[in-house]
Amino acid sequence: MQTYRSCMICSKCDEKAIISQRNLGLRLCQSHFVEDFEQRVAETIEKNAMVSDGERIAVAVSGGKDSTALLLSLHKVLAGANVELVAITVDEGIAGYRDDTIKAAKEIVGQLKIEHEIVSFREEYGYDLDEMVRGKDVAPCTFCGVFRKSALNRTAKRLKATKVATGHNLDDEVQSIMMNYLKGDIERLMRNRPRRVQPGLIPRIKPLRVIPEKETAIYSMINGVYAESRECPYAQLSLRADVRDMINSLESIFPGTKQSMLQGFEKIAEMAKGKGGQIELGSCRDCKEPCVKDLCKACELLGRLKC
Ligand code: SF4
Ligand SMILES: [Zn+2]
Ligand SMILES: [Zn+2]
């Protein structure tokens with residue numbers, strides 16, 4: 001009886017536990033989970049000096065579980081600070097998927113009374129993502145990632161934001177790390193390190209980067225603004241889907257794998273500090289966005305679409 005009861009009860013009080021953090025040996029009730037979640041967000045912001053006094057932070061809000069948890073937690077953690085939040089939603093144009101999440105984004109941003117800018121691939125680049133990839137042998141996530149990043153940066157500049165906050169969680173981070181290892185792309189891998197500020201590029205912050213995806217979903221649900229999780233129809237076409245399944249399977253056998261992977265990467269990044277200087281960015285000859293070559297990736301892909 002004692003064993004059964006201890007499985008159900010919060011490690012910090014006598015309330016019923018709603019989550020078990022197996023790698024930490026903790027079970028938490030709803031209020032202790034929320035407290036713990038927000039504390040980790042606050043610690044991540046502080047440890048990495050993500051936010052300074054007087055900043056205007058553009059929060060990328062898709063309306064999914066991660067960005068909803070990001071907006072809600074930032075709104076709470078930064079309450080009282082001299083920091084302004086604005087929300088940006090990018091509509092990639094994915095039929096049957098984005099419409100619902102954009103509606104959810106409008107609702108949550110409206111509830112918090114935050115300024116909200118919605119931009120679409122169609123308005124910014126002339127095509128929906130569905131049109132860009134229809135009938136072509138291309139990876140939709142590559143197009144999506146490049147144009148979304150560019151749209152976020154352009155919009156953040158228009159809104160005079162000083163940082164862009166994205167909802168990348170622990171799962172996203174370790175998937176990206178593993179994908180870059182698998183591709184042997186060390187240059188891209190090291191882009192995950194904090195970077196020197198570059199002209200024309202609004203610095204990005206990821207306040208949820210130590211929080212598992214499962215917990216962002218629970219946090220959003222507790223706040224009553226996230227009901228269902230529908231996966232993007234293109235998600236299964238990416239390497240990320242295989243990497244995700246592999247890491248999830250390892251995590252279920254060896255709890256703590258995801259955290260170890262992130263910590264391991266951070267140690268390597270620390271050792272690599274100062275080695276391999278950061279590339280100076282120029283500006284794209286077509287759109288003037290910052291880029292490495294004379295044409296940015298978004299304009300290069302746009303050129304391919306017009307062929
Ligand atoms: S799964 Fe790929 S195509 Fe779908 S929203 Fe994510 S990056 Fe875009
Ligand atoms: Zn408790
Ligand atoms: Zn360009």
# chains A, B, ... in the order shown; residues from 1 in each chain; ligands from 1
>>> residues_near_ligand(ligand="ligand 1", cutoff="10 Å", atoms="only C-alpha atoms and all ligand atoms", output="VMD selection string")
chain A and resid 62 91 to 94 97 to 98 129 to 130 133 139 to 148 231 to 238 240 to 241
>>> write_last_selection(atoms="N, CA, C and O atoms", output="tab-separated table (two decimals), in the first residue's frame")
chain	number	residue	atom	x	y	z
A	62	SER	N	3.32	29.81	-33.05
A	62	SER	CA	2.62	29.09	-34.12
A	62	SER	C	1.22	28.68	-33.67
A	62	SER	O	0.35	28.42	-34.49
A	91	ASP	N	2.47	31.99	-41.11
A	91	ASP	CA	1.57	31.03	-41.78
A	91	ASP	C	2.30	30.50	-43.01
A	91	ASP	O	2.41	31.20	-44.02
A	92	GLU	N	2.77	29.28	-42.90
A	92	GLU	CA	3.56	28.71	-44.02
A	92	GLU	C	2.67	28.36	-45.20
A	92	GLU	O	3.14	28.24	-46.33
A	93	GLY	N	1.38	28.12	-44.91
A	93	GLY	CA	0.47	27.69	-45.98
A	93	GLY	C	0.51	26.18	-46.12
A	93	GLY	O	0.94	25.64	-47.16
A	94	ILE	N	0.11	25.49	-45.05
A	94	ILE	CA	0.04	24.02	-45.06
A	94	ILE	C	-1.42	23.66	-44.83
A	94	ILE	O	-1.94	23.78	-43.71
A	97	TYR	N	-3.61	21.96	-41.69
A	97	TYR	CA	-2.76	21.89	-40.49
A	97	TYR	C	-2.63	23.26	-39.83
A	97	TYR	O	-2.92	23.42	-38.65
A	98	ARG	N	-2.23	24.26	-40.60
A	98	ARG	CA	-1.93	25.54	-40.01
A	98	ARG	C	-3.16	26.34	-39.56
A	98	ARG	O	-3.09	27.08	-38.59
A	129	LEU	N	3.65	27.09	-48.77
A	129	LEU	CA	4.59	25.96	-48.74
A	129	LEU	C	4.06	24.81	-49.60
A	129	LEU	O	4.82	24.17	-50.33
A	130	ASP	N	2.76	24.57	-49.53
A	130	ASP	CA	2.18	23.47	-50.33
A	130	ASP	C	2.51	23.66	-51.81
A	130	ASP	O	2.86	22.71	-52.50
A	133	VAL	N	6.30	22.95	-52.79
A	133	VAL	CA	6.83	21.57	-52.83
A	133	VAL	C	5.99	20.62	-53.69
A	133	VAL	O	6.43	19.50	-53.94
A	139	ALA	N	12.72	18.37	-50.04
A	139	ALA	CA	12.33	18.14	-48.64
A	139	ALA	C	11.54	19.36	-48.15
A	139	ALA	O	12.11	20.46	-48.07
A	140	PRO	N	10.24	19.21	-47.87
A	140	PRO	CA	9.44	20.36	-47.45
A	140	PRO	C	10.02	21.09	-46.24
A	140	PRO	O	9.98	22.31	-46.16
A	141	CYS	N	10.61	20.32	-45.31
A	141	CYS	CA	11.13	20.97	-44.09
A	141	CYS	C	12.30	21.90	-44.40
A	141	CYS	O	12.51	22.89	-43.69
A	142	THR	N	13.05	21.61	-45.44
A	142	THR	CA	14.16	22.50	-45.81
A	142	THR	C	13.60	23.84	-46.25
A	142	THR	O	14.03	24.90	-45.78
A	143	PHE	N	12.60	23.81	-47.15
A	143	PHE	CA	11.97	25.06	-47.61
A	143	PHE	C	11.32	25.78	-46.42
A	143	PHE	O	11.49	26.98	-46.24
A	144	CYS	N	10.59	25.02	-45.65
A	144	CYS	CA	9.85	25.60	-44.53
A	144	CYS	C	10.79	26.30	-43.56
A	144	CYS	O	10.58	27.44	-43.16
A	145	GLY	N	11.87	25.60	-43.20
A	145	GLY	CA	12.82	26.14	-42.21
A	145	GLY	C	13.49	27.42	-42.71
A	145	GLY	O	13.57	28.41	-41.98
A	146	VAL	N	13.92	27.41	-43.96
A	146	VAL	CA	14.63	28.58	-44.51
A	146	VAL	C	13.70	29.80	-44.58
A	146	VAL	O	14.03	30.89	-44.12
A	147	PHE	N	12.50	29.60	-45.13
A	147	PHE	CA	11.59	30.75	-45.29
A	147	PHE	C	11.02	31.24	-43.96
A	147	PHE	O	10.81	32.42	-43.76
A	148	ARG	N	10.80	30.29	-43.05
A	148	ARG	CA	10.26	30.72	-41.74
A	148	ARG	C	11.29	31.55	-40.98
A	148	ARG	O	10.97	32.58	-40.39
A	231	GLU	N	0.05	16.44	-36.08
A	231	GLU	CA	1.39	16.58	-36.63
A	231	GLU	C	1.31	17.16	-38.04
A	231	GLU	O	0.37	16.89	-38.79
A	232	CYS	N	2.32	17.96	-38.38
A	232	CYS	CA	2.40	18.50	-39.74
A	232	CYS	C	2.44	17.33	-40.73
A	232	CYS	O	3.17	16.36	-40.53
A	233	PRO	N	1.69	17.42	-41.83
A	233	PRO	CA	1.67	16.32	-42.79
A	233	PRO	C	3.03	16.03	-43.43
A	233	PRO	O	3.24	14.94	-43.97
A	234	TYR	N	3.95	17.01	-43.37
A	234	TYR	CA	5.26	16.79	-43.98
A	234	TYR	C	6.28	16.22	-42.99
A	234	TYR	O	7.40	15.86	-43.38
A	235	ALA	N	5.90	16.16	-41.70
A	235	ALA	CA	6.90	15.83	-40.67
A	235	ALA	C	7.55	14.47	-40.90
A	235	ALA	O	8.74	14.29	-40.67
A	236	GLN	N	6.76	13.50	-41.38
A	236	GLN	CA	7.30	12.14	-41.52
A	236	GLN	C	8.30	12.01	-42.67
A	236	GLN	O	8.96	10.99	-42.80
A	237	LEU	N	8.37	13.04	-43.51
A	237	LEU	CA	9.27	12.95	-44.67
A	237	LEU	C	10.70	13.36	-44.32
A	237	LEU	O	11.58	13.33	-45.17
A	238	SER	N	10.91	13.76	-43.08
A	238	SER	CA	12.22	14.32	-42.75
A	238	SER	C	13.09	13.33	-41.97
A	238	SER	O	12.58	12.42	-41.31
A	240	ARG	N	14.55	14.16	-39.41
A	240	ARG	CA	14.24	14.45	-38.02
A	240	ARG	C	13.28	13.42	-37.41
A	240	ARG	O	13.41	13.06	-36.24
A	241	ALA	N	12.31	12.97	-38.21
A	241	ALA	CA	11.34	12.01	-37.67
A	241	ALA	C	12.02	10.72	-37.24
A	241	ALA	O	11.71	10.15	-36.19
>>> residues_near_ligand(ligand="ligand 2", cutoff="7 Å", atoms="only C-alpha atoms and all ligand atoms", output="VMD selection string")
chain A and resid 10 to 15 17 28 to 32
>>> closest_atom_pairs(of="chain A", to="ligand 3", cutoff="6 Å", atoms="only C-alpha atoms and all ligand atoms", output="Markdown table")
| residue | atom | partner | partner_atom_place_in_ligand_line | distance |
| --- | --- | --- | --- | --- |
| A:Cys284 | CA | ligand 3 | 1 (Zn) | 4.6 |
| A:Asp286 | CA | ligand 3 | 1 (Zn) | 5.0 |
| A:Cys287 | CA | ligand 3 | 1 (Zn) | 4.0 |
| A:Lys288 | CA | ligand 3 | 1 (Zn) | 5.9 |
| A:Glu289 | CA | ligand 3 | 1 (Zn) | 5.5 |
| A:Leu295 | CA | ligand 3 | 1 (Zn) | 5.5 |
| A:Cys296 | CA | ligand 3 | 1 (Zn) | 4.2 |
| A:Ala298 | CA | ligand 3 | 1 (Zn) | 5.6 |
| A:Cys299 | CA | ligand 3 | 1 (Zn) | 4.3 |
>>> write_last_selection(atoms="N, CA and C atoms", output="short mmCIF file (atom, residue, chain, number, x, y, z; two decimals), in the first residue's frame")
data_model
loop_
_atom_site.label_atom_id
_atom_site.label_comp_id
_atom_site.auth_asym_id
_atom_site.auth_seq_id
_atom_site.Cartn_x
_atom_site.Cartn_y
_atom_site.Cartn_z
N CYS A 284 22.27 40.04 -48.66
CA CYS A 284 21.81 39.40 -49.89
C CYS A 284 21.62 40.45 -51.00
N ASP A 286 19.62 40.45 -53.40
CA ASP A 286 18.21 40.63 -53.78
C ASP A 286 17.38 41.22 -52.65
N CYS A 287 17.39 40.57 -51.48
CA CYS A 287 16.46 41.00 -50.41
C CYS A 287 17.13 41.79 -49.30
N LYS A 288 18.47 41.86 -49.32
CA LYS A 288 19.26 42.61 -48.33
C LYS A 288 19.28 41.97 -46.95
N GLU A 289 18.73 40.76 -46.83
CA GLU A 289 18.82 40.05 -45.55
C GLU A 289 20.26 39.58 -45.35
N LEU A 295 23.97 35.71 -52.19
CA LEU A 295 22.52 35.47 -52.30
C LEU A 295 22.11 34.63 -51.09
N CYS A 296 21.05 35.07 -50.39
CA CYS A 296 20.66 34.31 -49.20
C CYS A 296 19.96 33.01 -49.62
N ALA A 298 17.05 31.89 -48.83
CA ALA A 298 15.64 32.07 -49.22
C ALA A 298 15.56 32.51 -50.69
N CYS A 299 16.40 33.46 -51.09
CA CYS A 299 16.37 33.92 -52.48
C CYS A 299 16.86 32.83 -53.43
#
>>> select_by_dssp(residues="region 46-288 of chain A", states="helix (DSSP H, G or I)", output="VMD selection string")
chain A and resid 46 to 47 65 to 77 98 to 112 121 to 125 129 to 133 140 to 158 170 to 183 186 to 192 213 to 222 235 to 237 239 to 253 257 to 271
>>> residues_around(residues="region 212-219 of chain A", least_positions_apart="6", cutoff="7 Å", atoms="only C-alpha atoms", output="ChimeraX atom specification")
/A:34,65-66,69,169-171
>>> write_last_selection(atoms="all heavy atoms", output="mmCIF file, in the first residue's frame")
data_model
loop_
_atom_site.group_PDB
_atom_site.id
_atom_site.type_symbol
_atom_site.label_atom_id
_atom_site.label_comp_id
_atom_site.auth_asym_id
_atom_site.auth_seq_id
_atom_site.Cartn_x
_atom_site.Cartn_y
_atom_site.Cartn_z
ATOM 1 N N VAL A 34 4.015 23.226 -12.373
ATOM 2 C CA VAL A 34 3.991 24.573 -12.982
ATOM 3 C C VAL A 34 5.122 25.428 -12.395
ATOM 4 O O VAL A 34 5.854 26.113 -13.130
ATOM 5 C CB VAL A 34 2.610 25.248 -12.764
ATOM 6 C CG1 VAL A 34 2.644 26.718 -13.129
ATOM 7 C CG2 VAL A 34 1.547 24.512 -13.568
ATOM 8 N N LYS A 65 1.839 23.452 -29.162
ATOM 9 C CA LYS A 65 2.085 23.319 -27.722
ATOM 10 C C LYS A 65 3.356 24.037 -27.255
ATOM 11 O O LYS A 65 3.362 24.661 -26.190
ATOM 12 C CB LYS A 65 2.151 21.847 -27.321
ATOM 13 C CG LYS A 65 3.262 21.097 -28.019
ATOM 14 C CD LYS A 65 3.173 19.618 -27.771
ATOM 15 C CE LYS A 65 4.332 18.857 -28.386
ATOM 16 N NZ LYS A 65 4.775 19.304 -29.716
ATOM 17 N N ASP A 66 4.422 23.969 -28.050
ATOM 18 C CA ASP A 66 5.687 24.552 -27.600
ATOM 19 C C ASP A 66 5.620 26.076 -27.543
ATOM 20 O O ASP A 66 6.002 26.683 -26.554
ATOM 21 C CB ASP A 66 6.835 24.123 -28.536
ATOM 22 C CG ASP A 66 7.015 22.619 -28.543
ATOM 23 O OD1 ASP A 66 6.886 22.010 -27.474
ATOM 24 O OD2 ASP A 66 7.266 22.058 -29.625
ATOM 25 N N ALA A 69 3.349 27.252 -24.765
ATOM 26 C CA ALA A 69 4.020 27.164 -23.460
ATOM 27 C C ALA A 69 5.068 28.260 -23.331
ATOM 28 O O ALA A 69 5.247 28.849 -22.262
ATOM 29 C CB ALA A 69 4.671 25.789 -23.304
ATOM 30 N N ASN A 169 12.330 23.053 -27.798
ATOM 31 C CA ASN A 169 12.442 22.376 -26.495
ATOM 32 C C ASN A 169 13.648 21.428 -26.502
ATOM 33 O O ASN A 169 14.395 21.365 -27.479
ATOM 34 C CB ASN A 169 11.133 21.639 -26.189
ATOM 35 C CG ASN A 169 10.783 20.652 -27.282
ATOM 36 O OD1 ASN A 169 11.648 19.930 -27.776
ATOM 37 N ND2 ASN A 169 9.515 20.612 -27.684
ATOM 38 N N LEU A 170 13.786 20.686 -25.385
ATOM 39 C CA LEU A 170 14.934 19.775 -25.268
ATOM 40 C C LEU A 170 14.963 18.755 -26.403
ATOM 41 O O LEU A 170 16.028 18.474 -26.970
ATOM 42 C CB LEU A 170 14.852 19.052 -23.906
ATOM 43 C CG LEU A 170 15.900 17.977 -23.641
ATOM 44 C CD1 LEU A 170 17.310 18.567 -23.588
ATOM 45 C CD2 LEU A 170 15.608 17.248 -22.336
ATOM 46 N N ASP A 171 13.795 18.224 -26.757
ATOM 47 C CA ASP A 171 13.738 17.229 -27.840
ATOM 48 C C ASP A 171 14.233 17.830 -29.154
ATOM 49 O O ASP A 171 15.013 17.213 -29.877
ATOM 50 C CB ASP A 171 12.301 16.715 -28.017
ATOM 51 C CG ASP A 171 11.830 15.931 -26.810
ATOM 52 O OD1 ASP A 171 11.861 16.505 -25.687
ATOM 53 O OD2 ASP A 171 11.433 14.768 -26.951
#
>>> residues_around(residues="Lys160 (chain A)", least_positions_apart="6", cutoff="10 Å", atoms="only C-alpha atoms", output="number ranges by chain")
A: 55-58, 86, 154, 202
>>> residues_around(residues="Phe265 (chain A)", least_positions_apart="5", cutoff="12 Å", atoms="only C-alpha atoms", output="NGL selection string")
:A and (173-178 or 180-181 or 186 or 189-193 or 258-260 or 270-272)
>>> residues_around(residues="Leu74 (chain A)", least_positions_apart="6", cutoff="10 Å", atoms="only C-alpha atoms", output="ChimeraX atom specification")
/A:38,41-42,45,57,59,68,85,165,207-208
>>> write_last_selection(atoms="N, CA, C and O atoms", output="PDB file, in the first residue's frame")
ATOM      1  N   GLU A  38       8.308  26.883 -14.642  1.00  0.00           N
ATOM      2  CA  GLU A  38       8.618  28.310 -14.772  1.00  0.00           C
ATOM      3  C   GLU A  38       9.992  28.642 -14.181  1.00  0.00           C
ATOM      4  O   GLU A  38      10.695  29.518 -14.685  1.00  0.00           O
ATOM      5  N   VAL A  41      12.522  27.793 -16.801  1.00  0.00           N
ATOM      6  CA  VAL A  41      12.549  28.832 -17.852  1.00  0.00           C
ATOM      7  C   VAL A  41      13.334  30.052 -17.346  1.00  0.00           C
ATOM      8  O   VAL A  41      14.221  30.569 -18.039  1.00  0.00           O
ATOM      9  N   ALA A  42      13.025  30.461 -16.108  1.00  0.00           N
ATOM     10  CA  ALA A  42      13.706  31.636 -15.542  1.00  0.00           C
ATOM     11  C   ALA A  42      15.206  31.377 -15.422  1.00  0.00           C
ATOM     12  O   ALA A  42      16.034  32.244 -15.755  1.00  0.00           O
ATOM     13  N   ILE A  45      16.930  31.523 -18.839  1.00  0.00           N
ATOM     14  CA  ILE A  45      17.068  32.916 -19.297  1.00  0.00           C
ATOM     15  C   ILE A  45      18.235  33.584 -18.572  1.00  0.00           C
ATOM     16  O   ILE A  45      19.084  34.228 -19.185  1.00  0.00           O
ATOM     17  N   ILE A  57      10.890  41.722 -26.987  1.00  0.00           N
ATOM     18  CA  ILE A  57      11.110  40.341 -27.428  1.00  0.00           C
ATOM     19  C   ILE A  57       9.976  39.913 -28.360  1.00  0.00           C
ATOM     20  O   ILE A  57       8.802  39.933 -27.979  1.00  0.00           O
ATOM     21  N   VAL A  59       8.091  36.996 -29.847  1.00  0.00           N
ATOM     22  CA  VAL A  59       7.910  35.575 -29.548  1.00  0.00           C
ATOM     23  C   VAL A  59       7.262  34.904 -30.761  1.00  0.00           C
ATOM     24  O   VAL A  59       6.199  35.330 -31.216  1.00  0.00           O
ATOM     25  N   THR A  68       3.010  27.926 -27.450  1.00  0.00           N
ATOM     26  CA  THR A  68       2.018  28.359 -26.465  1.00  0.00           C
ATOM     27  C   THR A  68       2.636  28.348 -25.073  1.00  0.00           C
ATOM     28  O   THR A  68       2.498  29.301 -24.300  1.00  0.00           O
ATOM     29  N   LEU A  85       6.740  42.118 -24.703  1.00  0.00           N
ATOM     30  CA  LEU A  85       6.582  40.955 -25.577  1.00  0.00           C
ATOM     31  C   LEU A  85       5.694  41.322 -26.759  1.00  0.00           C
ATOM     32  O   LEU A  85       4.667  41.992 -26.588  1.00  0.00           O
ATOM     33  N   ALA A 165      12.332  35.072 -29.696  1.00  0.00           N
ATOM     34  CA  ALA A 165      12.280  33.872 -28.837  1.00  0.00           C
ATOM     35  C   ALA A 165      11.512  32.779 -29.565  1.00  0.00           C
ATOM     36  O   ALA A 165      10.420  33.016 -30.078  1.00  0.00           O
ATOM     37  N   PRO A 207      14.265  29.857 -24.691  1.00  0.00           N
ATOM     38  CA  PRO A 207      14.112  29.689 -23.237  1.00  0.00           C
ATOM     39  C   PRO A 207      13.621  28.302 -22.801  1.00  0.00           C
ATOM     40  O   PRO A 207      13.748  27.946 -21.636  1.00  0.00           O
ATOM     41  N   LEU A 208      13.065  27.492 -23.726  1.00  0.00           N
ATOM     42  CA  LEU A 208      12.568  26.155 -23.340  1.00  0.00           C
ATOM     43  C   LEU A 208      13.564  25.045 -23.668  1.00  0.00           C
ATOM     44  O   LEU A 208      13.204  23.868 -23.647  1.00  0.00           O
TER      45      LEU A 208
END
>>> residues_around(residues="Glu43 (chain A)", least_positions_apart="6", cutoff="12 Å", atoms="only C-alpha atoms", output="tab-separated table (two decimals) with C-alpha atoms, in the first residue's frame")
chain	number	residue	atom	x	y	z
A	36	ASP	CA	9.19	23.84	-11.52
A	37	PHE	CA	8.55	24.55	-15.22
A	49	ALA	CA	21.79	36.15	-20.22
A	50	MET	CA	18.99	35.86	-22.75
A	51	VAL	CA	17.04	38.97	-21.80
A	74	LEU	CA	7.58	34.17	-20.64
A	77	VAL	CA	8.42	34.80	-15.72
A	78	LEU	CA	9.04	38.29	-17.16
A	207	PRO	CA	14.11	29.69	-23.24
A	208	LEU	CA	12.57	26.16	-23.34
A	209	ARG	CA	15.71	24.39	-24.55
A	210	VAL	CA	16.13	22.26	-21.38
A	211	ILE	CA	12.45	21.30	-21.09
>>> closest_residue(among="A:Ile88, A:Ala156, A:Leu201, A:Met261", to="Ser283 (chain A)", atoms="only C-alpha atoms")
A:Leu201
>>> select_by_dssp(residues="region 36-156 of chain A", states="strand (DSSP E)", output="list in words")
Arg56, Ile57, Ala58, Val59, Ala60, Glu84, Leu85, Val86, Ala87, Ile88, Thr89, Val90, Asp91, Glu115, His116, Glu117, Ile118, Val119 and Ser120 of chain A
>>> atom_distance(atom1="CA of Asp128 (chain A)", atom2="CA of Lys306 (chain A)")
13.7 Å
>>> closest_residue(among="A:His168, A:Arg27, A:Arg244, A:Lys293", to="Ile205 (chain A)", atoms="only C-alpha atoms")
A:His168
>>> closest_residue(among="A:Lys183, A:Arg304, A:Arg158, A:Lys149", to="Pro290 (chain A)", atoms="only C-alpha atoms")
A:Lys149
>>> closest_residue(among="A:Leu239, A:Pro255, A:Glu117, A:Asp185", to="Leu24 (chain A)", atoms="only C-alpha atoms")
A:Pro255
>>> atom_distance(atom1="CA of Val61 (chain A)", atom2="CA of Gly110 (chain A)")
12.0 Å
